[in-house]
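Have a look at the structure below, then the notes.
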Amino acid sequence: MRAALAFRKSRLLAQLQRLRGSLVQHGLAGTWTRLLRELRGSTAVSARETFAAPGEEFSPFAVPGSESPQVSIIIPVHNKFAYTAACLRSLAEHADATPFEVIVVDDLSTDATAARLAQISGIRSIRNAENLGFVGSCNAGAAIAQGDFVLFLNNDTLVTADWLGALLRCFAEQADAGLVGSRLVYPDGRLQEAGGIVFNDGSGWNYGRFEDPADCRFAFRREVDYCSGAAIMLRRDLFERLGGFDQRYAPAYYEDTDLAFAVRAAGLKVYYEPRSRVIHFEGITAGTDTGSGMKRYQLVNRGKFLDKWNDALRRQPPPGTPIHLAATHRARRRILIIDATTPTPDQDSGSLRMVNLMRILRGNHCHVVFMASNQAWIERYTADLQALGIEVLYQPWLGSPATFFRERGGEFDAIVLSRHYVAAEFIGLARLYARKARLIFDTVDLHYLRELRAAELEGRDELARVSARTRAQEIGIMRECDVTLVVSPVEKEILARDAPGVSVDVLSNVHEIFGCRTPFGERRDLLFVGGFQHPPNSDAVLWFVRDILPRVHAAIPGLRLHVIGSKVTEAIRALASEQVIVHGFVDDIAPAMDAARISIAPLRYGAGVKGKVNMAMSYGLPVVATPMAVEGMHVQSGKEVLIAETAEAYADAIIALYDDEVLWQRLSANGLDNVRAHFSFDAAEKAIRRIFGF
């Protein structure tokens, strides 16, 4: 209770200080708009969907099978035709552009299965000459499969929208994926399995069984010990190389767990993919009593599994391990990251840097947990993080942050607190409950420096006072943390003066390198990219259009400025004309980067490293910038960029570059080299290994 009250007090004080600063910088209307944006969020909770058992009624129908399938869906069946028909109908209902074939293997059913399968077009149906059980039937179906992938699907399942596409995306996005399984949900809406756990005694656990499938604990892609064979997919050539399902487990049980261990032994990984949702009427064919019938083989085959995988099982967690730790037991480190809001990497540079930081941590075998201070689930962006394997915490599943820290704080090796006002809220909980964690304060940029520069540019004493308060808070937090991250060596030098004795390291922006993809002669116009929630971007565009663009038009009539960025203000929108095209937010920045001849960065104040400059250079697009825009970026004017400070000099630089192909090519090539050396994933990897002690 005392910790929870202390957290609420810290949070209130931090938010009040931030509110005062925002009112000075943005006014009442601007502050209200920013507040609404930060508190926005959709609900991750939906009404629980239930599914009735299928009826016996039947009429012929078609499944859109392909003669050139990418995926071969193999469905072993033994009686219970009503379930088989419902499964096949769901495949037809939720078919997408993926070409697939359906192979139904009839294991000597004695009901109407054989006759009725003949009335369903678009499927391939084979009937075993003798009863082969689940293992033998799956292998028989795989033997005639034509797809690049084989997907084993129980007949007592119903597939849902995008179930197949989600599995394929996992393979496309995870180069080391060997086997991928779906999220299995009971027909009453409860979760059946979010991947399986195998303990070192060979016993298994269906992670999340009977929980709510929408719970954030089960909503992120995760490496797992195994996935239930009710819905699993792997490449056909791998399945064949492994010899299919091991016949020692015939007729059924433990064959899916064994296959997962074999995939790992082959150097690949097993993934649970929550975006693929499959409804499973568990036990319809085999029953649920492990003492009799088919289900008795569950106990018999456990002994066989123990004998075969005795060495591998020594690396599994023991029974009694806290279940959420057992579910992620392959993680070498556990990292908690807390930021103000969920990153939106297509809208601002800070978000892109944060997401790429998490990518690199995941690539270094870290289990990454992300919490936004506003605890909101954000449509698309939360799911994008979960698809990267990030455990994202949000309401209503998170509950109280104080409770979370009390229950899980001790598991983390490092905690990253991003932005001073977020750190002020959570640093007390981190120090109290996460005593083994390395506490890392990520400034994103030095907020007090940006505010001070704005105050000097605008001549506003009240903003200078805000900067002084921010400076005191930022430096105070630095002194409480183990290390402080800045994005440029310039800011590290400033802190050596302003905060002597503070441990400071540099982790700059992180960008993919796309390269120059359109030749000089096919490009035209100018491009500005930047989110307009960030005041320096608004000031830059207003200054450029007012003082620089008329000078450029005098020399290059007809040249246009394209303005791209989220959260466009009314002042920016009012600039729109035939010469100034205000696009606002765009889903894909690449076409604009490939079409423009020059990127502009006319920033007059700010702090940190400017993502707009990094991004343009990563596309081989030359940049004309102010000194402020390229601070700390290891560039020289005339080599990687052109730098100009006054309106007249800035216009002259654009005019000179616009028709000089030799200069343009030099800036393009050297800019790409700059990103590779200082702002690439390789460069960031070295910094992250140093900072986190990998």
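Each chain in the structure tokens gets a letter, A, B, ..., in the order shown, and its residues are numbered from 1; ligands are numbered from 1 in order too.
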
Query raised in the report: So which residues of stretch 17-208 of chain A fall under strand (DSSP E or B) by DSSP, listed as a VMD selection string?
Result: chain A and resid 42 61 to 62 71 to 77 100 to 106 120 to 121 124 to 127 149 to 153 157 to 159 177 to 185 191 to 193 196 to 198 204 to 206

What does the file look like for those residues with C-alpha atoms, as an mmCIF file, in the first residue's frame?
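In the end it all went to result.cif:
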data_model
loop_
_atom_site.group_PDB
_atom_site.id
_atom_site.type_symbol
_atom_site.label_atom_id
_atom_site.label_comp_id
_atom_site.auth_asym_id
_atom_site.auth_seq_id
_atom_site.Cartn_x
_atom_site.Cartn_y
_atom_site.Cartn_z
ATOM 1 C CA SER A 42 -8.654 1.425 -27.852
ATOM 2 C CA PHE A 61 -20.070 -27.580 -50.840
ATOM 3 C CA ALA A 62 -16.682 -26.624 -52.288
ATOM 4 C CA VAL A 71 0.464 -24.885 -48.200
ATOM 5 C CA SER A 72 -0.799 -28.444 -47.900
ATOM 6 C CA ILE A 73 -3.387 -28.688 -45.099
ATOM 7 C CA ILE A 74 -3.526 -32.265 -43.806
ATOM 8 C CA ILE A 75 -6.566 -33.301 -41.781
ATOM 9 C CA PRO A 76 -6.614 -36.819 -40.283
ATOM 10 C CA VAL A 77 -10.150 -38.009 -39.507
ATOM 11 C CA PHE A 100 -3.532 -24.197 -50.519
ATOM 12 C CA GLU A 101 -4.658 -27.768 -50.911
ATOM 13 C CA VAL A 102 -6.630 -29.799 -48.399
ATOM 14 C CA ILE A 103 -5.756 -33.465 -47.903
ATOM 15 C CA VAL A 104 -8.241 -35.382 -45.753
ATOM 16 C CA VAL A 105 -6.921 -38.726 -44.523
ATOM 17 C CA ASP A 106 -9.769 -41.053 -43.546
ATOM 18 C CA ILE A 120 -17.087 -31.930 -51.163
ATOM 19 C CA SER A 121 -15.215 -30.551 -54.157
ATOM 20 C CA ARG A 124 -8.075 -34.486 -51.891
ATOM 21 C CA SER A 125 -9.326 -37.439 -49.886
ATOM 22 C CA ILE A 126 -7.493 -40.705 -49.213
ATOM 23 C CA ARG A 127 -8.630 -43.684 -47.145
ATOM 24 C CA PHE A 149 4.578 -26.110 -46.270
ATOM 25 C CA VAL A 150 2.655 -28.898 -44.554
ATOM 26 C CA LEU A 151 0.040 -27.837 -42.023
ATOM 27 C CA PHE A 152 -1.458 -30.432 -39.711
ATOM 28 C CA LEU A 153 -4.974 -29.559 -38.602
ATOM 29 C CA THR A 157 -11.220 -27.373 -35.310
ATOM 30 C CA LEU A 158 -12.615 -24.218 -36.848
ATOM 31 C CA VAL A 159 -10.226 -21.729 -38.414
ATOM 32 C CA ALA A 177 11.374 -20.530 -37.640
ATOM 33 C CA GLY A 178 11.146 -24.271 -38.066
ATOM 34 C CA LEU A 179 7.653 -24.939 -36.735
ATOM 35 C CA VAL A 180 4.839 -22.504 -35.975
ATOM 36 C CA GLY A 181 1.643 -23.192 -34.083
ATOM 37 C CA SER A 182 -1.654 -21.371 -33.686
ATOM 38 C CA ARG A 183 -3.360 -19.940 -30.613
ATOM 39 C CA LEU A 184 -5.924 -22.576 -29.660
ATOM 40 C CA VAL A 185 -9.232 -21.453 -28.158
ATOM 41 C CA LEU A 191 -7.926 -20.139 -24.067
ATOM 42 C CA GLN A 192 -6.801 -23.722 -24.577
ATOM 43 C CA GLU A 193 -3.124 -23.149 -25.318
ATOM 44 C CA GLY A 196 3.295 -25.553 -24.640
ATOM 45 C CA ILE A 197 5.870 -25.879 -21.867
ATOM 46 C CA VAL A 198 7.879 -29.051 -21.259
ATOM 47 C CA GLY A 204 3.862 -30.774 -20.234
ATOM 48 C CA TRP A 205 1.780 -27.675 -19.613
ATOM 49 C CA ASN A 206 -0.642 -25.904 -21.928
#

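Take the candidates A:Leu549, A:Ala327, A:Val623, A:Ala437 and check each one against A:Gly208 using only C-alpha atoms; the shortest distance goes to A:Ala327.
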
Requested in this report: Write out as a ChimeraX atom specification each polymer residue whose atoms come within 8 Å of stretch 531-546 of chain A, counting only C-alpha atoms; drop sequence neighbours fewer than 3 positions from it.
Outcome: /A:34,347-348,528,549-550,564-569,572,575,601-606,647

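Atom to atom, atom CA of A:Ala161 and atom CA of A:Thr50 stand 15.1 Å apart.
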
Requested in this report: Name the residues of stretch 337-467 of chain A that come out as helix (DSSP H, G or I) in a backbone DSSP run; write them as a PyMOL selection string.
Outcome: chain A and resi 349-363+381-387+401-411+420-433+447-458+461-467

Query raised in the report: Near A:Gly243, counting only C-alpha atoms, which residues have an atom at most 10 Å away, once you skip same-chain residues fewer than 3 positions from it, shown as a ChimeraX atom specification?
Result: /A:139,237-240,246-247,259,262

Kindly save the residues from that selection, with N, CA and C atoms included, as a PDB file, in the first residue's frame.
ATOM      1  N   ASN A 139       1.383 -38.748 -41.459  1.00  0.00           N
ATOM      2  CA  ASN A 139       2.494 -39.074 -42.348  1.00  0.00           C
ATOM      3  C   ASN A 139       2.000 -39.484 -43.732  1.00  0.00           C
ATOM      4  N   ASP A 237       9.993 -29.794 -46.768  1.00  0.00           N
ATOM      5  CA  ASP A 237      11.301 -30.441 -46.879  1.00  0.00           C
ATOM      6  C   ASP A 237      11.899 -30.717 -45.500  1.00  0.00           C
ATOM      7  N   LEU A 238      11.633 -29.842 -44.510  1.00  0.00           N
ATOM      8  CA  LEU A 238      12.111 -30.096 -43.155  1.00  0.00           C
ATOM      9  C   LEU A 238      11.391 -31.296 -42.562  1.00  0.00           C
ATOM     10  N   PHE A 239      10.080 -31.358 -42.726  1.00  0.00           N
ATOM     11  CA  PHE A 239       9.308 -32.479 -42.203  1.00  0.00           C
ATOM     12  C   PHE A 239       9.826 -33.795 -42.768  1.00  0.00           C
ATOM     13  N   GLU A 240      10.113 -33.786 -44.071  1.00  0.00           N
ATOM     14  CA  GLU A 240      10.636 -35.004 -44.707  1.00  0.00           C
ATOM     15  C   GLU A 240      12.036 -35.324 -44.196  1.00  0.00           C
ATOM     16  N   ASP A 246       7.401 -39.331 -35.580  1.00  0.00           N
ATOM     17  CA  ASP A 246       8.064 -40.564 -35.159  1.00  0.00           C
ATOM     18  C   ASP A 246       7.019 -41.643 -34.869  1.00  0.00           C
ATOM     19  N   GLN A 247       7.150 -42.785 -35.557  1.00  0.00           N
ATOM     20  CA  GLN A 247       6.153 -43.852 -35.441  1.00  0.00           C
ATOM     21  C   GLN A 247       6.144 -44.502 -34.060  1.00  0.00           C
ATOM     22  N   LEU A 259       8.244 -33.825 -32.305  1.00  0.00           N
ATOM     23  CA  LEU A 259       8.581 -33.117 -33.541  1.00  0.00           C
ATOM     24  C   LEU A 259       9.193 -31.757 -33.227  1.00  0.00           C
ATOM     25  N   ALA A 262      12.709 -32.231 -32.247  1.00  0.00           N
ATOM     26  CA  ALA A 262      13.511 -32.572 -33.431  1.00  0.00           C
ATOM     27  C   ALA A 262      13.812 -31.336 -34.260  1.00  0.00           C
TER      28      ALA A 262
END
